[in-house]
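Participant: Got query-v1.cif for you, mmCIF, C-alpha atoms:
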data_protein
loop_
_atom_site.label_atom_id
_atom_site.label_comp_id
_atom_site.auth_asym_id
_atom_site.auth_seq_id
_atom_site.Cartn_x
_atom_site.Cartn_y
_atom_site.Cartn_z
CA MET A 1 10.96 -4.44 -17.48
CA LYS A 2 8.54 -1.56 -17.81
CA LYS A 3 7.10 0.79 -15.20
CA PHE A 4 3.45 1.33 -14.39
CA ASP A 5 3.17 4.88 -15.78
CA GLN A 6 4.90 3.87 -19.02
CA ILE A 7 2.60 0.86 -19.53
CA LEU A 8 -0.56 2.84 -18.85
CA GLY A 9 0.69 5.70 -21.02
CA ASP A 10 1.27 3.35 -23.97
CA LEU A 11 -2.16 1.77 -23.53
CA LYS A 12 -3.81 5.20 -23.61
CA LYS A 13 -1.97 5.87 -26.89
CA GLN A 14 -3.25 2.50 -28.20
CA ILE A 15 0.25 1.08 -28.29
CA TYR A 16 -0.40 -2.60 -27.56
CA HIS A 17 1.88 -5.60 -26.98
CA PRO A 18 1.09 -9.29 -27.57
CA VAL A 19 1.71 -10.40 -23.95
CA TYR A 20 1.44 -8.58 -20.62
CA PHE A 21 2.85 -10.48 -17.64
CA LEU A 22 1.75 -8.48 -14.59
CA ALA A 23 3.27 -9.83 -11.39
CA GLY A 24 4.28 -8.83 -7.89
CA GLU A 25 3.19 -8.42 -4.30
CA GLU A 26 1.10 -5.26 -4.86
CA PRO A 27 -2.18 -6.20 -6.59
CA TYR A 28 -3.35 -2.60 -7.03
CA TYR A 29 -1.14 -1.91 -10.05
CA ILE A 30 -1.91 -5.29 -11.62
CA ASP A 31 -5.65 -4.59 -11.36
CA GLN A 32 -5.25 -1.06 -12.72
CA ILE A 33 -3.48 -2.28 -15.88
CA SER A 34 -5.60 -5.37 -16.51
CA ASN A 35 -8.85 -3.48 -15.89
CA TYR A 36 -7.80 -0.73 -18.29
CA ILE A 37 -7.13 -3.33 -20.99
CA ALA A 38 -10.46 -5.05 -20.29
CA GLU A 39 -12.41 -1.79 -20.46
CA HIS A 40 -10.69 0.18 -23.24
CA VAL A 41 -9.05 -2.00 -25.90
CA LEU A 42 -12.33 -3.29 -27.35
CA THR A 43 -15.67 -1.59 -27.77
CA GLU A 44 -18.64 -2.94 -25.83
CA SER A 45 -19.98 -4.77 -28.88
CA GLU A 46 -16.55 -6.24 -29.75
CA ARG A 47 -16.09 -7.67 -26.24
CA GLU A 48 -18.94 -10.16 -26.64
CA PHE A 49 -16.97 -12.29 -29.10
CA ASN A 50 -13.41 -11.13 -28.58
CA GLN A 51 -12.76 -10.89 -24.84
CA THR A 52 -12.13 -13.98 -22.72
CA ILE A 53 -11.53 -14.12 -18.96
CA LEU A 54 -9.85 -17.26 -17.61
CA TYR A 55 -8.79 -18.23 -14.08
CA GLY A 56 -5.53 -19.96 -13.27
CA ARG A 57 -7.17 -22.36 -10.81
CA ASP A 58 -9.65 -23.57 -13.43
CA THR A 59 -7.63 -23.69 -16.63
CA SER A 60 -4.34 -24.89 -18.10
CA MET A 61 -1.64 -23.36 -20.24
CA ASP A 62 -2.80 -25.51 -23.17
CA ALA A 63 -6.29 -23.98 -22.90
CA VAL A 64 -4.83 -20.47 -22.55
CA LEU A 65 -2.75 -20.85 -25.70
CA VAL A 66 -5.69 -22.29 -27.66
CA GLU A 67 -7.59 -19.10 -26.84
CA ALA A 68 -4.59 -16.91 -27.60
CA LYS A 69 -4.10 -18.40 -31.07
CA ARG A 70 -7.66 -17.70 -32.18
CA PHE A 71 -8.37 -14.82 -34.57
CA PRO A 72 -10.68 -11.95 -33.61
CA MET A 73 -14.20 -11.74 -35.03
CA MET A 74 -15.04 -8.40 -36.67
CA ALA A 75 -12.43 -6.57 -34.58
CA ASN A 76 -8.75 -5.71 -34.82
CA TYR A 77 -7.87 -7.51 -31.60
CA GLN A 78 -9.03 -10.14 -29.19
CA VAL A 79 -8.20 -9.87 -25.48
CA VAL A 80 -7.47 -12.89 -23.27
CA ILE A 81 -7.04 -12.15 -19.55
CA VAL A 82 -5.83 -14.85 -17.18
CA ARG A 83 -6.63 -13.94 -13.59
CA GLU A 84 -4.97 -15.83 -10.69
CA ALA A 85 -2.20 -16.78 -13.12
CA GLN A 86 0.07 -17.65 -10.19
CA HIS A 87 -1.85 -20.95 -9.96
CA LEU A 88 -1.04 -21.97 -13.55
CA LYS A 89 1.36 -24.82 -14.15
CA ASN A 90 3.77 -25.20 -17.08
CA LEU A 91 4.24 -21.48 -17.74
CA GLU A 92 7.48 -22.43 -19.47
CA VAL A 93 5.53 -23.11 -22.70
CA LEU A 94 5.24 -19.34 -23.05
CA GLU A 95 8.84 -19.30 -24.28
CA SER A 96 7.75 -21.12 -27.43
CA TYR A 97 4.66 -18.91 -27.87
CA MET A 98 6.79 -15.77 -27.54
CA GLN A 99 8.84 -16.79 -30.57
CA LYS A 100 5.83 -16.00 -32.73
CA PRO A 101 2.97 -14.56 -30.66
CA GLN A 102 -0.42 -14.00 -32.27
CA SER A 103 -0.26 -10.39 -33.45
CA THR A 104 -4.02 -9.84 -33.11
CA THR A 105 -4.19 -11.17 -29.53
CA ILE A 106 -3.49 -9.23 -26.35
CA LEU A 107 -2.73 -11.91 -23.75
CA VAL A 108 -2.67 -10.71 -20.13
CA PHE A 109 -1.44 -12.70 -17.13
CA CYS A 110 -2.34 -11.43 -13.63
CA TYR A 111 0.30 -13.18 -11.52
CA LYS A 112 -0.48 -11.76 -8.08
CA TYR A 113 1.26 -11.80 -4.70
CA LYS A 114 4.55 -13.26 -5.92
CA ASN A 115 7.41 -12.43 -8.25
CA PRO A 116 8.39 -14.48 -11.31
CA ASP A 117 11.82 -16.03 -11.46
CA LYS A 118 13.63 -13.62 -13.79
CA ARG A 119 16.23 -16.30 -14.54
CA LYS A 120 13.61 -18.39 -16.37
CA SER A 121 13.89 -18.27 -20.15
CA TYR A 122 10.14 -17.66 -20.63
CA VAL A 123 10.33 -14.59 -18.39
CA LYS A 124 13.26 -13.25 -20.41
CA ALA A 125 11.33 -13.90 -23.62
CA ILE A 126 8.31 -11.94 -22.33
CA ASP A 127 10.54 -9.08 -21.24
CA LYS A 128 12.06 -8.96 -24.73
CA LYS A 129 8.93 -9.16 -26.90
CA GLY A 130 6.08 -8.30 -24.55
CA VAL A 131 5.58 -6.42 -21.28
CA LEU A 132 6.98 -7.69 -18.00
CA PHE A 133 5.84 -5.74 -14.95
CA VAL A 134 6.62 -6.51 -11.31
CA ALA A 135 4.74 -4.49 -8.69
CA GLU A 136 6.56 -4.08 -5.38
CA ARG A 137 4.53 -3.41 -2.24
CA LEU A 138 5.13 0.07 -0.86
CA ARG A 139 7.05 0.51 2.37
CA ASP A 140 5.12 2.38 5.06
CA TYR A 141 7.37 5.45 4.73
CA GLN A 142 6.53 5.66 1.01
CA VAL A 143 2.75 5.78 1.51
CA PRO A 144 2.42 9.49 2.45
CA ASP A 145 4.21 10.56 -0.72
CA TRP A 146 2.04 8.17 -2.79
CA ILE A 147 -1.12 9.70 -1.30
CA GLU A 148 0.06 13.24 -2.01
CA ARG A 149 1.01 12.40 -5.62
CA TYR A 150 -2.27 10.58 -6.24
CA LEU A 151 -4.26 13.58 -5.04
CA ALA A 152 -2.06 16.13 -6.81
CA ALA A 153 -2.72 14.35 -10.13
CA ARG A 154 -6.40 15.01 -9.51
CA LYS A 155 -5.88 18.65 -8.43
CA PHE A 156 -6.39 17.93 -4.73
CA THR A 157 -4.17 18.62 -1.71
CA ILE A 158 -4.06 17.06 1.74
CA THR A 159 -2.88 18.37 5.09
CA PRO A 160 0.13 16.62 6.69
CA LYS A 161 -1.95 15.39 9.64
CA ALA A 162 -4.60 13.98 7.29
CA THR A 163 -1.88 12.10 5.39
CA VAL A 164 -0.60 10.57 8.62
CA LEU A 165 -4.13 9.60 9.71
CA LEU A 166 -4.76 7.72 6.46
CA THR A 167 -1.34 6.05 6.56
CA GLU A 168 -1.73 4.94 10.18
CA TYR A 169 -5.26 3.63 9.61
CA LEU A 170 -4.92 2.00 6.18
CA GLY A 171 -1.30 0.85 6.20
CA THR A 172 0.27 -0.01 2.83
CA ASP A 173 -2.80 -1.57 1.18
CA LEU A 174 -3.13 0.57 -1.94
CA ASP A 175 -6.58 -0.80 -2.79
CA ARG A 176 -7.91 0.40 0.57
CA ILE A 177 -6.10 3.72 0.23
CA HIS A 178 -7.39 4.22 -3.31
CA ASN A 179 -10.98 3.47 -2.26
CA ALA A 180 -10.72 5.85 0.71
CA LEU A 181 -9.31 8.64 -1.44
CA GLN A 182 -12.07 8.15 -4.01
CA LYS A 183 -14.67 8.56 -1.24
CA LEU A 184 -12.99 11.77 -0.13
CA ILE A 185 -12.62 13.18 -3.65
CA ILE A 186 -16.30 12.80 -4.53
CA THR A 187 -17.23 14.94 -1.51
CA ASP A 188 -15.65 17.85 -3.42
CA PRO A 189 -14.30 19.60 -0.28
CA PRO A 190 -13.62 23.36 -0.13
CA ASP A 191 -10.42 24.34 -1.98
CA HIS A 192 -10.07 20.67 -2.97
CA GLN A 193 -8.20 19.98 0.27
CA ILE A 194 -8.48 16.76 2.31
CA THR A 195 -8.49 17.45 6.06
CA PRO A 196 -8.66 15.29 9.23
CA GLU A 197 -12.25 16.48 9.77
CA LEU A 198 -13.23 15.25 6.30
CA ILE A 199 -11.57 11.88 6.98
CA GLU A 200 -13.44 11.51 10.27
CA ARG A 201 -16.76 12.32 8.61
CA TYR A 202 -16.47 10.09 5.53
CA ILE A 203 -13.93 7.37 6.38
CA GLY A 204 -14.71 6.96 10.06
CA ILE A 205 -11.22 7.54 11.47
CA ASN A 206 -11.69 9.30 14.80
CA ASN A 207 -9.81 12.59 14.72
CA ASP A 208 -9.14 12.51 18.48
CA TYR A 209 -8.69 8.81 19.22
CA ASN A 210 -6.17 7.33 16.81
CA SER A 211 -2.58 6.10 16.78
CA PHE A 212 -1.22 9.45 15.65
CA GLU A 213 -2.80 11.25 18.62
CA LEU A 214 -1.58 8.50 20.97
CA GLN A 215 1.98 8.96 19.72
CA LYS A 216 1.69 12.69 20.26
CA ALA A 217 0.31 12.28 23.79
CA ILE A 218 3.06 9.84 24.79
CA GLY A 219 5.76 11.88 23.08
CA THR A 220 4.77 15.08 24.91
CA GLY A 221 4.18 13.41 28.27
CA ASN A 222 0.44 14.13 28.26
CA ILE A 223 -0.61 11.32 30.61
CA ALA A 224 -4.29 12.32 30.77
CA LYS A 225 -4.67 12.37 26.97
CA ALA A 226 -2.72 9.11 26.53
CA ASN A 227 -4.97 7.40 29.07
CA GLN A 228 -8.13 8.68 27.35
CA ILE A 229 -6.97 7.30 24.01
CA VAL A 230 -5.73 3.95 25.28
CA ASN A 231 -8.92 3.43 27.30
CA TYR A 232 -10.91 4.13 24.14
CA PHE A 233 -8.75 1.58 22.27
CA ALA A 234 -9.29 -0.97 25.05
CA ARG A 235 -13.07 -0.55 24.75
CA ASN A 236 -12.89 -0.91 20.96
CA GLU A 237 -10.39 -3.72 20.48
CA LYS A 238 -11.75 -4.79 17.09
CA GLU A 239 -11.29 -1.34 15.57
CA HIS A 240 -7.96 -0.80 17.35
CA PRO A 241 -6.19 -4.17 17.68
CA MET A 242 -3.13 -4.13 19.90
CA VAL A 243 -0.83 -5.41 17.15
CA LEU A 244 -1.51 -2.35 14.98
CA THR A 245 -1.09 0.08 17.87
CA MET A 246 2.20 -1.55 18.84
CA GLY A 247 3.42 -1.44 15.25
CA SER A 248 2.60 2.26 15.07
CA LEU A 249 4.39 2.99 18.36
CA TYR A 250 7.44 0.93 17.38
CA TYR A 251 7.63 2.92 14.15
CA PHE A 252 7.33 6.16 16.16
CA PHE A 253 10.07 5.36 18.67
CA SER A 254 12.37 4.05 15.93
CA LYS A 255 12.08 7.41 14.20
CA LEU A 256 12.64 9.23 17.49
CA LEU A 257 15.84 7.23 17.98
CA LEU A 258 16.93 8.23 14.48
CA TYR A 259 16.18 11.83 15.37
CA HIS A 260 18.61 11.65 18.30
CA VAL A 261 21.29 10.21 16.01
CA HIS A 262 20.85 12.75 13.18
CA LYS A 263 19.46 15.84 14.95
CA ARG A 264 22.48 18.02 14.08
CA LYS A 265 21.98 17.54 10.36
CA PRO A 266 20.32 20.23 8.19
CA ARG A 267 16.51 20.03 8.23
CA ASN A 268 16.14 18.52 4.77
CA GLU A 269 18.74 15.84 5.52
CA LEU A 270 17.16 15.16 8.92
CA ALA A 271 13.69 14.77 7.36
CA ALA A 272 15.15 12.42 4.75
CA ALA A 273 16.88 10.34 7.45
CA LEU A 274 13.59 10.02 9.37
CA ARG A 275 11.57 9.59 6.16
CA VAL A 276 9.00 12.12 7.32
CA ASN A 277 7.57 15.35 5.98
CA PRO A 278 9.76 18.27 7.23
CA TYR A 279 6.52 19.65 8.71
CA PHE A 280 6.78 17.06 11.51
CA LEU A 281 10.37 17.81 12.58
CA LYS A 282 9.19 20.35 15.14
CA ASP A 283 7.13 17.57 16.75
CA TYR A 284 10.13 15.26 17.01
CA GLU A 285 12.09 18.10 18.58
CA ARG A 286 9.41 18.28 21.30
CA TYR A 287 9.29 14.51 21.74
CA ALA A 288 13.07 14.35 22.13
CA LYS A 289 12.79 16.59 25.22
CA HIS A 290 10.60 13.97 26.93
CA PHE A 291 12.49 10.90 25.68
CA ASN A 292 16.28 11.11 25.66
CA PRO A 293 18.21 8.41 23.72
CA SER A 294 18.33 6.06 26.71
CA GLN A 295 14.59 6.44 27.43
CA THR A 296 13.81 5.92 23.74
CA ARG A 297 15.74 2.64 23.72
CA ASP A 298 13.90 1.61 26.92
CA ALA A 299 10.58 2.34 25.21
CA ILE A 300 11.52 0.07 22.30
CA ARG A 301 12.42 -2.69 24.77
CA ILE A 302 9.03 -2.25 26.48
CA LEU A 303 7.27 -2.63 23.13
CA ARG A 304 9.19 -5.85 22.44
CA ASP A 305 8.24 -7.21 25.88
CA TYR A 306 4.56 -6.53 25.27
CA ASP A 307 4.73 -7.98 21.80
CA LEU A 308 5.67 -11.28 23.45
CA LYS A 309 2.99 -10.88 26.13
CA SER A 310 0.35 -10.24 23.45
CA LYS A 311 1.34 -13.64 22.00
CA GLY A 312 0.90 -15.37 25.37
CA VAL A 313 4.52 -15.38 26.54
CA GLY A 314 4.51 -14.51 30.24
CA ASN A 315 0.84 -13.54 30.17
CA ALA A 316 -1.73 -15.89 31.63
CA SER A 317 -4.94 -13.90 31.73
CA ASN A 318 -4.70 -10.22 30.72
CA SER A 319 -6.80 -9.18 27.72
CA GLN A 320 -5.29 -7.30 24.79
CA GLY A 321 -6.91 -4.10 26.03
CA GLU A 322 -5.48 -4.55 29.54
CA LEU A 323 -2.03 -5.25 28.12
CA LEU A 324 -2.27 -2.12 25.99
CA GLN A 325 -3.19 0.03 28.99
CA GLU A 326 -0.35 -1.44 31.03
CA MET A 327 2.12 -0.99 28.17
CA VAL A 328 1.23 2.68 27.68
CA TRP A 329 1.59 3.32 31.44
CA ARG A 330 5.11 1.86 31.32
CA LEU A 331 5.98 3.88 28.21
CA MET A 332 4.88 7.07 29.94
CA HIS A 333 7.19 6.24 32.84
CA ALA A 334 10.14 4.93 30.83
#
The structure given in the file should be rewritten as structure tokens.
Facilitator:
Amino acid sequence: MKKFDQILGDLKKQIYHPVYFLAGEEPYYIDQISNYIAEHVLTESEREFNQTILYGRDTSMDAVLVEAKRFPMMANYQVVIVREAQHLKNLEVLESYMQKPQSTTILVFCYKYKNPDKRKSYVKAIDKKGVLFVAERLRDYQVPDWIERYLAARKFTITPKATVLLTEYLGTDLDRIHNALQKLIITDPPDHQITPELIERYIGINNDYNSFELQKAIGTGNIAKANQIVNYFARNEKEHPMVLTMGSLYYFFSKLLLYHVHKRKPRNELAAALRVNPYFLKDYERYAKHFNPSQTRDAIRILRDYDLKSKGVGNASNSQGELLQEMVWRLMHA
């Protein structure tokens, strides 16, 4: 099974394979590879007769293979891309096709949001003679590093706080992150550095009222600031749904609990245990003074209680915004 960078590197060198089976829970990488093939293998004039786009909901494997076995017209290759391939039935017939694939066809399957069964013989055949790629969705702790590497490849940098803002706001959806970063890059900021101010101006993430600032206010015992932020969230429930705020706070207190467990380790090991940039360790040191291990565990229990209340358990009439305000008050007095 090949990796994303290797596949894209081969394509850029015009090293092509007869079948690309692009699968997995993260659609970003699948789209990047399939779009590159669609846009670069054939010239614009060659595409008219030699590039076919099919959809798994509207076609069959028999129809796919009929297209794949055709010969190109006035071109070295023909490209057949099957989008929504996860809806295709009878994929097992690919095992037979892989015994002697059409050498002038590049057949691409976009099998999104699920993984193929690697025990199946057709999957093994693709892995042997074609390209099998499975894209795993990033974990939230992996996103900051992904953002930094993406920008570094384009000669840009980003401040630690700006990285956290994007991660908190966009989650692990790489398509959304990619689109946001593209918006920021084209602004051509001074010194090619992405800052929180730039994010607020072009992405719309409020630099003062966001989950990161709420964590900081709670962690440092700043009741006035925490109330300002949570009241803002309550007035703007659509932009700041309670479920996302709770997820962010649960993540925060889980890391704070880890800090208490590992705080005597060297800084690099401590940062690795918390899965944070070492830049933020000084913040966790401050937060730990306001929340000892027992208070941190109490905070996590409070979050679990309000998760149930947000789903209607033990809550008859309070709105999401009211629950959020009440929850933050209890966290501040844990």
Participant: Which residues are near Leu184 in chain A? Cut-off 12 Å, all atoms listed in the file, ignore same chain within fewer than 5 positions. Put them as a list in words.
Facilitator: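 That gives Leu151, Arg154, Phe156, Thr157, Ile158, Ala162, Leu166, Ile177, His178, Asn179, Pro189, Pro190, His192, Gln193, Ile194, Thr195, Pro196, Glu197, Leu198, Ile199, Glu200, Arg201, Tyr202, Ile203 and Gly204 of chain A.
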Participant: Could you give me, as a list in words, the residues within 6 Å of Leu132 in chain A, counting all atoms listed in the file and dropping anything in the same chain fewer than 4 positions from it?
Facilitator: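 Within the cut-off, the hits are Met1, Phe21 and Asp127 of chain A.
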Participant: Assuming the chain letters and numbering stay as they are in my file, what does the PyMOL selection byres ((chain A and resi 298) around 12) actually select? List them as a list in words.
Facilitator: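 What the PyMOL selection byres ((chain A and resi 298) around 12) grabs from the file is Tyr250, Phe253, Ser254, Leu257, Phe291, Asn292, Pro293, Ser294, Gln295, Thr296, Arg297, Ala299, Ile300, Arg301, Ile302, Leu303, Arg304, Asp305, Arg330, Leu331, Met332, His333 and Ala334 of chain A.
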Participant: Written as a PDB file with C-alpha atoms, in the coordinates of the input, which residues does the PyMOL selection byres ((chain A and resi 241) around 12) give for the file shown?
Facilitator:
ATOM      1  CA  TYR A 169      -5.260   3.630   9.610  1.00  0.00           C
ATOM      2  CA  ASN A 210      -6.170   7.330  16.810  1.00  0.00           C
ATOM      3  CA  SER A 211      -2.580   6.100  16.780  1.00  0.00           C
ATOM      4  CA  VAL A 230      -5.730   3.950  25.280  1.00  0.00           C
ATOM      5  CA  TYR A 232     -10.910   4.130  24.140  1.00  0.00           C
ATOM      6  CA  PHE A 233      -8.750   1.580  22.270  1.00  0.00           C
ATOM      7  CA  ALA A 234      -9.290  -0.970  25.050  1.00  0.00           C
ATOM      8  CA  ARG A 235     -13.070  -0.550  24.750  1.00  0.00           C
ATOM      9  CA  ASN A 236     -12.890  -0.910  20.960  1.00  0.00           C
ATOM     10  CA  GLU A 237     -10.390  -3.720  20.480  1.00  0.00           C
ATOM     11  CA  LYS A 238     -11.750  -4.790  17.090  1.00  0.00           C
ATOM     12  CA  GLU A 239     -11.290  -1.340  15.570  1.00  0.00           C
ATOM     13  CA  HIS A 240      -7.960  -0.800  17.350  1.00  0.00           C
ATOM     14  CA  MET A 242      -3.130  -4.130  19.900  1.00  0.00           C
ATOM     15  CA  VAL A 243      -0.830  -5.410  17.150  1.00  0.00           C
ATOM     16  CA  LEU A 244      -1.510  -2.350  14.980  1.00  0.00           C
ATOM     17  CA  THR A 245      -1.090   0.080  17.870  1.00  0.00           C
ATOM     18  CA  MET A 246       2.200  -1.550  18.840  1.00  0.00           C
ATOM     19  CA  GLY A 247       3.420  -1.440  15.250  1.00  0.00           C
ATOM     20  CA  SER A 248       2.600   2.260  15.070  1.00  0.00           C
ATOM     21  CA  SER A 310       0.350 -10.240  23.450  1.00  0.00           C
ATOM     22  CA  SER A 319      -6.800  -9.180  27.720  1.00  0.00           C
ATOM     23  CA  GLN A 320      -5.290  -7.300  24.790  1.00  0.00           C
ATOM     24  CA  GLY A 321      -6.910  -4.100  26.030  1.00  0.00           C
ATOM     25  CA  GLU A 322      -5.480  -4.550  29.540  1.00  0.00           C
ATOM     26  CA  LEU A 323      -2.030  -5.250  28.120  1.00  0.00           C
ATOM     27  CA  LEU A 324      -2.270  -2.120  25.990  1.00  0.00           C
TER      28      LEU A 324
END
Participant: Please enumerate the residues selected by the PyMOL selection byres ((chain A and resi 136) around 9) when evaluated against the supplied file, formatted as a tab-separated table (two decimals) with C-alpha atoms, in the coordinates of the input.
Facilitator:
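What landed in part_24.tsv:
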chain	number	residue	atom	x	y	z
A	23	ALA	CA	3.27	-9.83	-11.39
A	24	GLY	CA	4.28	-8.83	-7.89
A	25	GLU	CA	3.19	-8.42	-4.30
A	26	GLU	CA	1.10	-5.26	-4.86
A	115	ASN	CA	7.41	-12.43	-8.25
A	134	VAL	CA	6.62	-6.51	-11.31
A	135	ALA	CA	4.74	-4.49	-8.69
A	137	ARG	CA	4.53	-3.41	-2.24
A	138	LEU	CA	5.13	0.07	-0.86
